[in-house]
$ cat model18.pdb   # PDB, C-alpha atoms
ATOM      1  CA  ALA A   1      -6.785   3.875   1.133  1.00  0.00           C
ATOM      2  CA  MET A   2      -4.414   4.607   4.011  1.00  0.00           C
ATOM      3  CA  TYR A   3      -7.191   4.516   6.597  1.00  0.00           C
ATOM      4  CA  PHE A   4      -8.152   1.014   5.459  1.00  0.00           C
ATOM      5  CA  TRP A   5      -4.623  -0.167   4.651  1.00  0.00           C
ATOM      6  CA  ALA A   6      -4.796  -3.156   7.021  1.00  0.00           C
ATOM      7  CA  ASP A   7      -8.223  -4.192   5.693  1.00  0.00           C
ATOM      8  CA  LEU A   8      -7.226  -3.663   2.069  1.00  0.00           C
ATOM      9  CA  SER A   9      -3.988  -5.626   2.469  1.00  0.00           C
ATOM     10  CA  ARG A  10      -5.757  -8.517   4.156  1.00  0.00           C
ATOM     11  CA  ILE A  11      -8.543  -8.561   1.540  1.00  0.00           C
ATOM     12  CA  ALA A  12      -6.091  -8.299  -1.384  1.00  0.00           C
ATOM     13  CA  ILE A  13      -4.015 -11.210  -0.061  1.00  0.00           C
ATOM     14  CA  ALA A  14      -7.183 -13.246   0.480  1.00  0.00           C
ATOM     15  CA  TRP A  15      -8.392 -12.429  -3.044  1.00  0.00           C
ATOM     16  CA  ILE A  16      -5.055 -13.468  -4.573  1.00  0.00           C
ATOM     17  CA  THR A  17      -5.296 -16.690  -2.571  1.00  0.00           C
ATOM     18  CA  THR A  18      -8.626 -17.463  -4.249  1.00  0.00           C
ATOM     19  CA  LEU A  19      -6.948 -17.149  -7.643  1.00  0.00           C
ATOM     20  CA  GLN A  20      -4.365 -19.702  -6.594  1.00  0.00           C
ATOM     21  CA  THR A  21      -6.683 -22.147  -4.807  1.00  0.00           C
ATOM     22  CA  ARG A  22      -9.753 -21.551  -7.006  1.00  0.00           C
ATOM     23  CA  ASP A  23     -11.846 -21.647  -3.843  1.00  0.00           C
ATOM     24  CA  ILE A  24     -13.549 -18.985  -1.747  1.00  0.00           C
ATOM     25  CA  LYS A  25     -13.680 -19.879   1.943  1.00  0.00           C
ATOM     26  CA  THR A  26     -13.184 -16.844   4.172  1.00  0.00           C
ATOM     27  CA  PRO A  27     -15.170 -13.612   4.516  1.00  0.00           C
ATOM     28  CA  ASP A  28     -12.134 -11.628   3.296  1.00  0.00           C
ATOM     29  CA  GLU A  29     -11.957 -13.749   0.144  1.00  0.00           C
ATOM     30  CA  ARG A  30     -15.665 -13.145  -0.492  1.00  0.00           C
ATOM     31  CA  ILE A  31     -15.387  -9.407   0.189  1.00  0.00           C
ATOM     32  CA  GLY A  32     -12.465  -9.173  -2.248  1.00  0.00           C
ATOM     33  CA  TRP A  33     -14.616 -10.620  -5.003  1.00  0.00           C
ATOM     34  CA  PHE A  34     -17.606  -8.498  -3.992  1.00  0.00           C
ATOM     35  CA  ILE A  35     -15.480  -5.333  -4.244  1.00  0.00           C
ATOM     36  CA  LEU A  36     -14.409  -6.342  -7.750  1.00  0.00           C
ATOM     37  CA  ILE A  37     -17.984  -7.168  -8.784  1.00  0.00           C
ATOM     38  CA  ALA A  38     -19.354  -3.907  -7.350  1.00  0.00           C
ATOM     39  CA  THR A  39     -16.628  -1.875  -9.074  1.00  0.00           C
ATOM     40  CA  LEU A  40     -17.262  -3.173 -12.598  1.00  0.00           C
ATOM     41  CA  PRO A  41     -20.476  -1.178 -13.300  1.00  0.00           C
ATOM     42  CA  ALA A  42     -18.817   2.104 -12.280  1.00  0.00           C
ATOM     43  CA  LEU A  43     -15.811   1.363 -14.483  1.00  0.00           C
ATOM     44  CA  MET A  44     -17.960   0.510 -17.492  1.00  0.00           C
ATOM     45  CA  ILE A  45     -20.497   3.310 -17.143  1.00  0.00           C
ATOM     46  CA  GLY A  46     -17.975   5.864 -15.904  1.00  0.00           C
ATOM     47  CA  GLY A  47     -15.643   5.063 -18.761  1.00  0.00           C
ATOM     48  CA  THR A  48     -18.359   5.517 -21.362  1.00  0.00           C
ATOM     49  CA  LEU A  49     -20.711   8.172 -19.944  1.00  0.00           C
ATOM     50  CA  GLY A  50     -18.736   9.985 -17.230  1.00  0.00           C
ATOM     51  CA  ASP A  51     -17.773  13.064 -19.239  1.00  0.00           C
ATOM     52  CA  THR A  52     -21.203  13.296 -20.884  1.00  0.00           C
ATOM     53  CA  LEU A  53     -22.999  13.222 -17.528  1.00  0.00           C
ATOM     54  CA  SER A  54     -20.747  15.823 -15.926  1.00  0.00           C
ATOM     55  CA  VAL A  55     -21.171  18.197 -18.883  1.00  0.00           C
ATOM     56  CA  ASN A  56     -24.945  17.782 -19.191  1.00  0.00           C
ATOM     57  CA  LEU A  57     -25.779  17.711 -15.483  1.00  0.00           C
ATOM     58  CA  GLY A  58     -23.298  20.243 -14.124  1.00  0.00           C
ATOM     59  CA  ASN A  59     -25.567  23.255 -13.665  1.00  0.00           C
ATOM     60  CA  PRO A  60     -25.594  24.629 -10.112  1.00  0.00           C
ATOM     61  CA  TRP A  61     -29.363  24.228  -9.749  1.00  0.00           C
ATOM     62  CA  GLN A  62     -29.152  20.567 -10.808  1.00  0.00           C
ATOM     63  CA  ILE A  63     -26.327  19.929  -8.359  1.00  0.00           C
ATOM     64  CA  ALA A  64     -28.309  21.598  -5.549  1.00  0.00           C
ATOM     65  CA  ILE A  65     -31.389  19.460  -6.252  1.00  0.00           C
ATOM     66  CA  LEU A  66     -29.339  16.251  -6.383  1.00  0.00           C
ATOM     67  CA  LEU A  67     -27.486  17.118  -3.153  1.00  0.00           C
ATOM     68  CA  ALA A  68     -30.762  17.773  -1.346  1.00  0.00           C
ATOM     69  CA  ALA A  69     -32.564  14.723  -2.751  1.00  0.00           C
ATOM     70  CA  PHE A  70     -29.795  12.273  -1.956  1.00  0.00           C
ATOM     71  CA  GLY A  71     -29.229  13.859   1.458  1.00  0.00           C
ATOM     72  CA  ILE A  72     -32.861  13.060   2.256  1.00  0.00           C
ATOM     73  CA  ILE A  73     -32.421   9.520   0.919  1.00  0.00           C
ATOM     74  CA  LEU A  74     -29.348   9.010   3.124  1.00  0.00           C
ATOM     75  CA  HIS A  75     -31.264  10.295   6.148  1.00  0.00           C
ATOM     76  CA  LEU A  76     -34.236   7.993   5.495  1.00  0.00           C
ATOM     77  CA  THR A  77     -32.190   4.862   4.772  1.00  0.00           C
ATOM     78  CA  ASP A  78     -30.030   5.439   7.837  1.00  0.00           C
ATOM     79  CA  ARG A  79     -33.153   5.047   9.981  1.00  0.00           C
ATOM     80  CA  MET A  80     -33.766   1.539   8.628  1.00  0.00           C
ATOM     81  CA  PRO A  81     -33.179  -1.351  10.991  1.00  0.00           C
ATOM     82  CA  LYS A  82     -29.739  -2.909  10.952  1.00  0.00           C
ATOM     83  CA  LYS A  83     -29.660  -6.560  10.031  1.00  0.00           C
ATOM     84  CA  ARG A  84     -26.407  -7.732   8.464  1.00  0.00           C
ATOM     85  CA  SER A  85     -22.690  -7.255   9.000  1.00  0.00           C
ATOM     86  CA  LEU A  86     -20.002  -7.018   6.329  1.00  0.00           C
ATOM     87  CA  ASP A  87     -19.369 -10.759   6.702  1.00  0.00           C
ATOM     88  CA  ASP A  88     -23.003 -11.314   5.627  1.00  0.00           C
ATOM     89  CA  LEU A  89     -22.559  -9.415   2.368  1.00  0.00           C
ATOM     90  CA  THR A  90     -24.079 -11.177  -0.641  1.00  0.00           C
ATOM     91  CA  ILE A  91     -23.390 -11.029  -4.352  1.00  0.00           C
ATOM     92  CA  LYS A  92     -26.852  -9.504  -4.887  1.00  0.00           C
ATOM     93  CA  THR A  93     -26.113  -6.685  -2.441  1.00  0.00           C
ATOM     94  CA  SER A  94     -22.712  -6.110  -4.062  1.00  0.00           C
ATOM     95  CA  VAL A  95     -24.172  -5.890  -7.555  1.00  0.00           C
ATOM     96  CA  ILE A  96     -26.926  -3.494  -6.467  1.00  0.00           C
ATOM     97  CA  VAL A  97     -24.514  -1.255  -4.534  1.00  0.00           C
ATOM     98  CA  GLY A  98     -22.177  -1.309  -7.548  1.00  0.00           C
ATOM     99  CA  LEU A  99     -24.970  -0.278  -9.892  1.00  0.00           C
ATOM    100  CA  VAL A 100     -26.177   2.427  -7.518  1.00  0.00           C
ATOM    101  CA  GLN A 101     -22.603   3.722  -7.272  1.00  0.00           C
ATOM    102  CA  CYS A 102     -22.951   4.758 -10.922  1.00  0.00           C
ATOM    103  CA  VAL A 103     -25.523   7.377  -9.906  1.00  0.00           C
ATOM    104  CA  ALA A 104     -22.621   9.263  -8.303  1.00  0.00           C
ATOM    105  CA  LEU A 105     -21.331  10.047 -11.790  1.00  0.00           C
ATOM    106  CA  MET A 106     -23.903  12.847 -11.767  1.00  0.00           C
ATOM    107  CA  PRO A 107     -22.491  16.030 -10.234  1.00  0.00           C
ATOM    108  CA  GLY A 108     -24.012  16.654  -6.822  1.00  0.00           C
ATOM    109  CA  VAL A 109     -24.412  13.009  -5.896  1.00  0.00           C
ATOM    110  CA  SER A 110     -22.085  11.793  -3.171  1.00  0.00           C
ATOM    111  CA  ARG A 111     -20.556   8.437  -4.089  1.00  0.00           C
ATOM    112  CA  SER A 112     -20.157   7.522  -0.445  1.00  0.00           C
ATOM    113  CA  GLY A 113     -23.612   8.791   0.438  1.00  0.00           C
ATOM    114  CA  ILE A 114     -25.375   6.877  -2.312  1.00  0.00           C
ATOM    115  CA  THR A 115     -23.517   3.614  -1.685  1.00  0.00           C
ATOM    116  CA  ILE A 116     -24.060   3.832   2.076  1.00  0.00           C
ATOM    117  CA  SER A 117     -27.752   4.530   1.418  1.00  0.00           C
ATOM    118  CA  ALA A 118     -27.986   1.509  -0.873  1.00  0.00           C
ATOM    119  CA  GLY A 119     -26.227  -0.706   1.660  1.00  0.00           C
ATOM    120  CA  ARG A 120     -28.516   0.465   4.454  1.00  0.00           C
ATOM    121  CA  ALA A 121     -31.615  -0.014   2.274  1.00  0.00           C
ATOM    122  CA  LEU A 122     -30.417  -3.572   1.580  1.00  0.00           C
ATOM    123  CA  GLY A 123     -30.170  -4.314   5.308  1.00  0.00           C
ATOM    124  CA  LEU A 124     -26.517  -3.698   6.112  1.00  0.00           C
ATOM    125  CA  GLU A 125     -25.595  -2.293   9.498  1.00  0.00           C
ATOM    126  CA  ARG A 126     -24.382   1.311   9.467  1.00  0.00           C
ATOM    127  CA  ASP A 127     -20.739   0.312   9.979  1.00  0.00           C
ATOM    128  CA  ALA A 128     -20.932  -2.442   7.332  1.00  0.00           C
ATOM    129  CA  ALA A 129     -22.510  -0.114   4.757  1.00  0.00           C
ATOM    130  CA  ALA A 130     -19.911   2.592   5.441  1.00  0.00           C
ATOM    131  CA  ARG A 131     -16.974   0.173   5.350  1.00  0.00           C
ATOM    132  CA  PHE A 132     -18.111  -1.423   2.092  1.00  0.00           C
ATOM    133  CA  SER A 133     -18.647   2.029   0.599  1.00  0.00           C
ATOM    134  CA  PHE A 134     -15.154   3.165   1.537  1.00  0.00           C
ATOM    135  CA  LEU A 135     -13.573  -0.109   0.381  1.00  0.00           C
ATOM    136  CA  LEU A 136     -15.285   0.447  -2.993  1.00  0.00           C
ATOM    137  CA  LEU A 137     -13.807   3.927  -3.111  1.00  0.00           C
ATOM    138  CA  VAL A 138     -10.262   2.605  -3.580  1.00  0.00           C
ATOM    139  CA  PRO A 139     -10.562   0.852  -6.978  1.00  0.00           C
ATOM    140  CA  VAL A 140     -12.938   3.503  -8.325  1.00  0.00           C
ATOM    141  CA  SER A 141     -10.607   6.304  -7.238  1.00  0.00           C
ATOM    142  CA  ILE A 142      -7.560   4.591  -8.694  1.00  0.00           C
ATOM    143  CA  ALA A 143      -9.370   4.101 -12.003  1.00  0.00           C
ATOM    144  CA  ALA A 144     -10.535   7.744 -12.041  1.00  0.00           C
ATOM    145  CA  VAL A 145      -7.035   9.037 -11.271  1.00  0.00           C
ATOM    146  CA  VAL A 146      -5.453   6.891 -13.993  1.00  0.00           C
ATOM    147  CA  TYR A 147      -8.129   7.898 -16.520  1.00  0.00           C
ATOM    148  CA  THR A 148      -7.846  11.600 -15.685  1.00  0.00           C
ATOM    149  CA  ALA A 149      -4.049  11.506 -15.685  1.00  0.00           C
ATOM    150  CA  MET A 150      -4.007   9.839 -19.086  1.00  0.00           C
ATOM    151  CA  ARG A 151      -6.575  12.270 -20.504  1.00  0.00           C
ATOM    152  CA  ASP A 152      -5.173  15.486 -19.022  1.00  0.00           C
ATOM    153  CA  ILE A 153      -1.462  14.873 -18.576  1.00  0.00           C
ATOM    154  CA  VAL A 154      -0.405  12.258 -21.133  1.00  0.00           C
ATOM    155  CA  PHE A 155      -2.766  13.132 -23.990  1.00  0.00           C
ATOM    156  CA  GLY A 156      -3.693  16.688 -23.008  1.00  0.00           C
ATOM    157  CA  GLU A 157      -2.037  19.871 -21.908  1.00  0.00           C
ATOM    158  CA  LEU A 158      -2.204  21.383 -18.471  1.00  0.00           C
ATOM    159  CA  PRO A 159      -1.888  25.127 -17.905  1.00  0.00           C
ATOM    160  CA  ALA A 160       1.365  26.593 -16.659  1.00  0.00           C
ATOM    161  CA  GLY A 161       1.679  26.644 -12.875  1.00  0.00           C
ATOM    162  CA  TRP A 162      -0.577  23.635 -12.264  1.00  0.00           C
ATOM    163  CA  ILE A 163       1.839  21.759  -9.973  1.00  0.00           C
ATOM    164  CA  GLY A 164       1.458  23.979  -6.871  1.00  0.00           C
ATOM    165  CA  PRO A 165      -2.348  23.980  -6.785  1.00  0.00           C
ATOM    166  CA  PHE A 166      -2.336  20.262  -7.604  1.00  0.00           C
ATOM    167  CA  LEU A 167      -0.090  19.441  -4.645  1.00  0.00           C
ATOM    168  CA  VAL A 168      -2.033  21.669  -2.235  1.00  0.00           C
ATOM    169  CA  GLY A 169      -5.322  20.143  -3.382  1.00  0.00           C
ATOM    170  CA  THR A 170      -3.980  16.615  -3.065  1.00  0.00           C
ATOM    171  CA  ILE A 171      -2.652  17.188   0.453  1.00  0.00           C
ATOM    172  CA  ALA A 172      -5.850  18.955   1.543  1.00  0.00           C
ATOM    173  CA  SER A 173      -8.100  16.209   0.158  1.00  0.00           C
ATOM    174  CA  PHE A 174      -5.920  13.529   1.756  1.00  0.00           C
ATOM    175  CA  GLY A 175      -6.135  15.170   5.190  1.00  0.00           C
ATOM    176  CA  THR A 176      -9.833  15.953   5.068  1.00  0.00           C
ATOM    177  CA  GLY A 177     -10.581  12.497   3.671  1.00  0.00           C
ATOM    178  CA  LEU A 178      -8.832  10.792   6.584  1.00  0.00           C
ATOM    179  CA  LEU A 179     -10.607  13.057   9.052  1.00  0.00           C
ATOM    180  CA  ALA A 180     -14.016  12.499   7.435  1.00  0.00           C
ATOM    181  CA  ILE A 181     -13.639   8.703   7.422  1.00  0.00           C
ATOM    182  CA  ASP A 182     -12.440   8.705  11.029  1.00  0.00           C
ATOM    183  CA  LEU A 183     -15.361  10.857  12.186  1.00  0.00           C
ATOM    184  CA  LEU A 184     -17.933   8.923  10.143  1.00  0.00           C
ATOM    185  CA  LEU A 185     -16.831   5.507  11.383  1.00  0.00           C
TER     186      LEU A 185
END
$ encode --input "model18.pdb" --output "structure tokens"
Amino acid sequence: AMYFWADLSRIAIAWITTLQTRDIKTPDERIGWFILIATLPALMIGGTLGDTLSVNLGNPWQIAILLAAFGIILHLTDRMPKKRSLDDLTIKTSVIVGLVQCVALMPGVSRSGITISAGRALGLERDAAARFSFLLLVPVSIAAVVYTAMRDIVFGELPAGWIGPFLVGTIASFGTGLLAIDLLL
């Protein structure tokens, strides 16, 4: 979220403006709605099937097959011709990318990889597909963190000594996430 703070702030303000004016005029206003639309399938399916999928599809051999298969898909879709920018995003593309994002609930499937692949297959330029994918990451990640925190911290019990590893993991994922996004874009 920090890498895209300027974009996210601008899009959030534009989206709030549409609620007040009841009109969608600018690309940022449209993208705000498209992010919301594309996030809904992941919230609904993740909220109902997320734990079931991770338990039933978490074997190492299944993860290896899914990693390889979707790596090939990303490679093939990245070779497709670029056609549209993020400003040319449509509701159809948003819905399809949102539905495809649900595939990432299976262990071994990269959420970013699958959504970038879907965007590229639907004609988005590489940068547009990557930006939309990373913008979609924010609401999905926030929802996952809130859900997990409620399940594990509020309604569950964590083992003694969890704070240190949690902080190290959070800092490490933050740093590598920023680096990965910077290198990818």
$ atom_distance --input "model18.pdb" --atom1 "atom CA of A:Ala64" --atom2 "atom CA of A:Ser110"
11.9 Å
$ resolve_selection --input "model18.pdb" --expression "the PyMOL selection byres ((chain A and resi 117) around 8)" --output "PyMOL selection string"
chain A and resi 73-74+77-78+113-116+118-121+129
$ axis_aligned_box --input "model18.pdb" --around "stretch 126-133 of chain A" --padding-each-side "4 Å" --output "lines of an AutoDock Vina configuration file"
center_x = -20.7
center_y = 0.1
center_z = 5.3
size_x = 15.4
size_y = 13.0
size_z = 17.4
$ resolve_selection --input "model18.pdb" --expression "the PyMOL selection byres ((chain A and resi 136-140) around 9)" --output "compact mmCIF listing (two decimals) with C-alpha atoms, in the frame of the given file"
# COMPACT_ATOMS: atom_id res chain seq x y z
CA ALA A 1 -6.78 3.88 1.13
CA LEU A 8 -7.23 -3.66 2.07
CA ILE A 35 -15.48 -5.33 -4.24
CA LEU A 36 -14.41 -6.34 -7.75
CA ALA A 38 -19.35 -3.91 -7.35
CA THR A 39 -16.63 -1.88 -9.07
CA ALA A 42 -18.82 2.10 -12.28
CA LEU A 43 -15.81 1.36 -14.48
CA GLY A 98 -22.18 -1.31 -7.55
CA ARG A 111 -20.56 8.44 -4.09
CA SER A 112 -20.16 7.52 -0.44
CA THR A 115 -23.52 3.61 -1.68
CA ARG A 131 -16.97 0.17 5.35
CA PHE A 132 -18.11 -1.42 2.09
CA SER A 133 -18.65 2.03 0.60
CA PHE A 134 -15.15 3.16 1.54
CA LEU A 135 -13.57 -0.11 0.38
CA SER A 141 -10.61 6.30 -7.24
CA ILE A 142 -7.56 4.59 -8.69
CA ALA A 143 -9.37 4.10 -12.00
CA ALA A 144 -10.54 7.74 -12.04
CA VAL A 145 -7.04 9.04 -11.27
$ closest_residue --input "model18.pdb" --among "A:Phe34, A:Leu57, A:Ala128, A:His75" --to "A:Lys92" --atoms "all atoms listed in the file"
A:Phe34
$ residues_around --input "model18.pdb" --residues "A:Leu67" --least-positions-apart "3" --cutoff "7 Å" --atoms "all atoms listed in the file" --output "PyMOL selection string"
chain A and resi 63-64+70-71+108-109
$ atom_distance --input "model18.pdb" --atom1 "atom CA of A:Gly169" --atom2 "atom CA of A:Leu183"
20.7 Å
$ atom_distance --input "model18.pdb" --atom1 "atom CA of A:Leu53" --atom2 "atom CA of A:Ala69"
17.7 Å
$ closest_residue --input "model18.pdb" --among "A:Ala12, A:Leu99, A:Leu49, A:Leu122" --to "A:Gly32" --atoms "all atoms listed in the file"
A:Ala12
$ closest_residue --input "model18.pdb" --among "A:Pro107, A:Gly177, A:Gly161, A:Gly123" --to "A:Lys82" --atoms "all atoms listed in the file"
A:Gly123
$ resolve_selection --input "model18.pdb" --expression "the PyMOL selection byres ((chain A and resi 30) around 10)" --output "mmCIF file with C-alpha atoms, keeping the file's coordinate frame"
data_model
loop_
_atom_site.group_PDB
_atom_site.id
_atom_site.type_symbol
_atom_site.label_atom_id
_atom_site.label_comp_id
_atom_site.auth_asym_id
_atom_site.auth_seq_id
_atom_site.Cartn_x
_atom_site.Cartn_y
_atom_site.Cartn_z
ATOM 1 C CA ILE A 11 -8.543 -8.561 1.540
ATOM 2 C CA ALA A 14 -7.183 -13.246 0.480
ATOM 3 C CA TRP A 15 -8.392 -12.429 -3.044
ATOM 4 C CA THR A 18 -8.626 -17.463 -4.249
ATOM 5 C CA ASP A 23 -11.846 -21.647 -3.843
ATOM 6 C CA ILE A 24 -13.549 -18.985 -1.747
ATOM 7 C CA LYS A 25 -13.680 -19.879 1.943
ATOM 8 C CA THR A 26 -13.184 -16.844 4.172
ATOM 9 C CA PRO A 27 -15.170 -13.612 4.516
ATOM 10 C CA ASP A 28 -12.134 -11.628 3.296
ATOM 11 C CA GLU A 29 -11.957 -13.749 0.144
ATOM 12 C CA ILE A 31 -15.387 -9.407 0.189
ATOM 13 C CA GLY A 32 -12.465 -9.173 -2.248
ATOM 14 C CA TRP A 33 -14.616 -10.620 -5.003
ATOM 15 C CA PHE A 34 -17.606 -8.498 -3.992
ATOM 16 C CA ILE A 35 -15.480 -5.333 -4.244
ATOM 17 C CA ASP A 87 -19.369 -10.759 6.702
ATOM 18 C CA ASP A 88 -23.003 -11.314 5.627
ATOM 19 C CA LEU A 89 -22.559 -9.415 2.368
ATOM 20 C CA THR A 90 -24.079 -11.177 -0.641
ATOM 21 C CA ILE A 91 -23.390 -11.029 -4.352
#
$ closest_residue --input "model18.pdb" --among "A:Ser9, A:Ile163, A:Arg22, A:Asp51" --to "A:Thr148" --atoms "only C-alpha atoms"
A:Asp51
$ closest_residue --input "model18.pdb" --among "A:Phe4, A:Gly47, A:Leu167, A:Gln20" --to "A:Arg151" --atoms "only C-alpha atoms"
A:Gly47
$ closest_residue --input "model18.pdb" --among "A:Ile37, A:Ala149, A:Met80, A:Ala130" --to "A:Ser94" --atoms "all atoms listed in the file"
A:Ile37
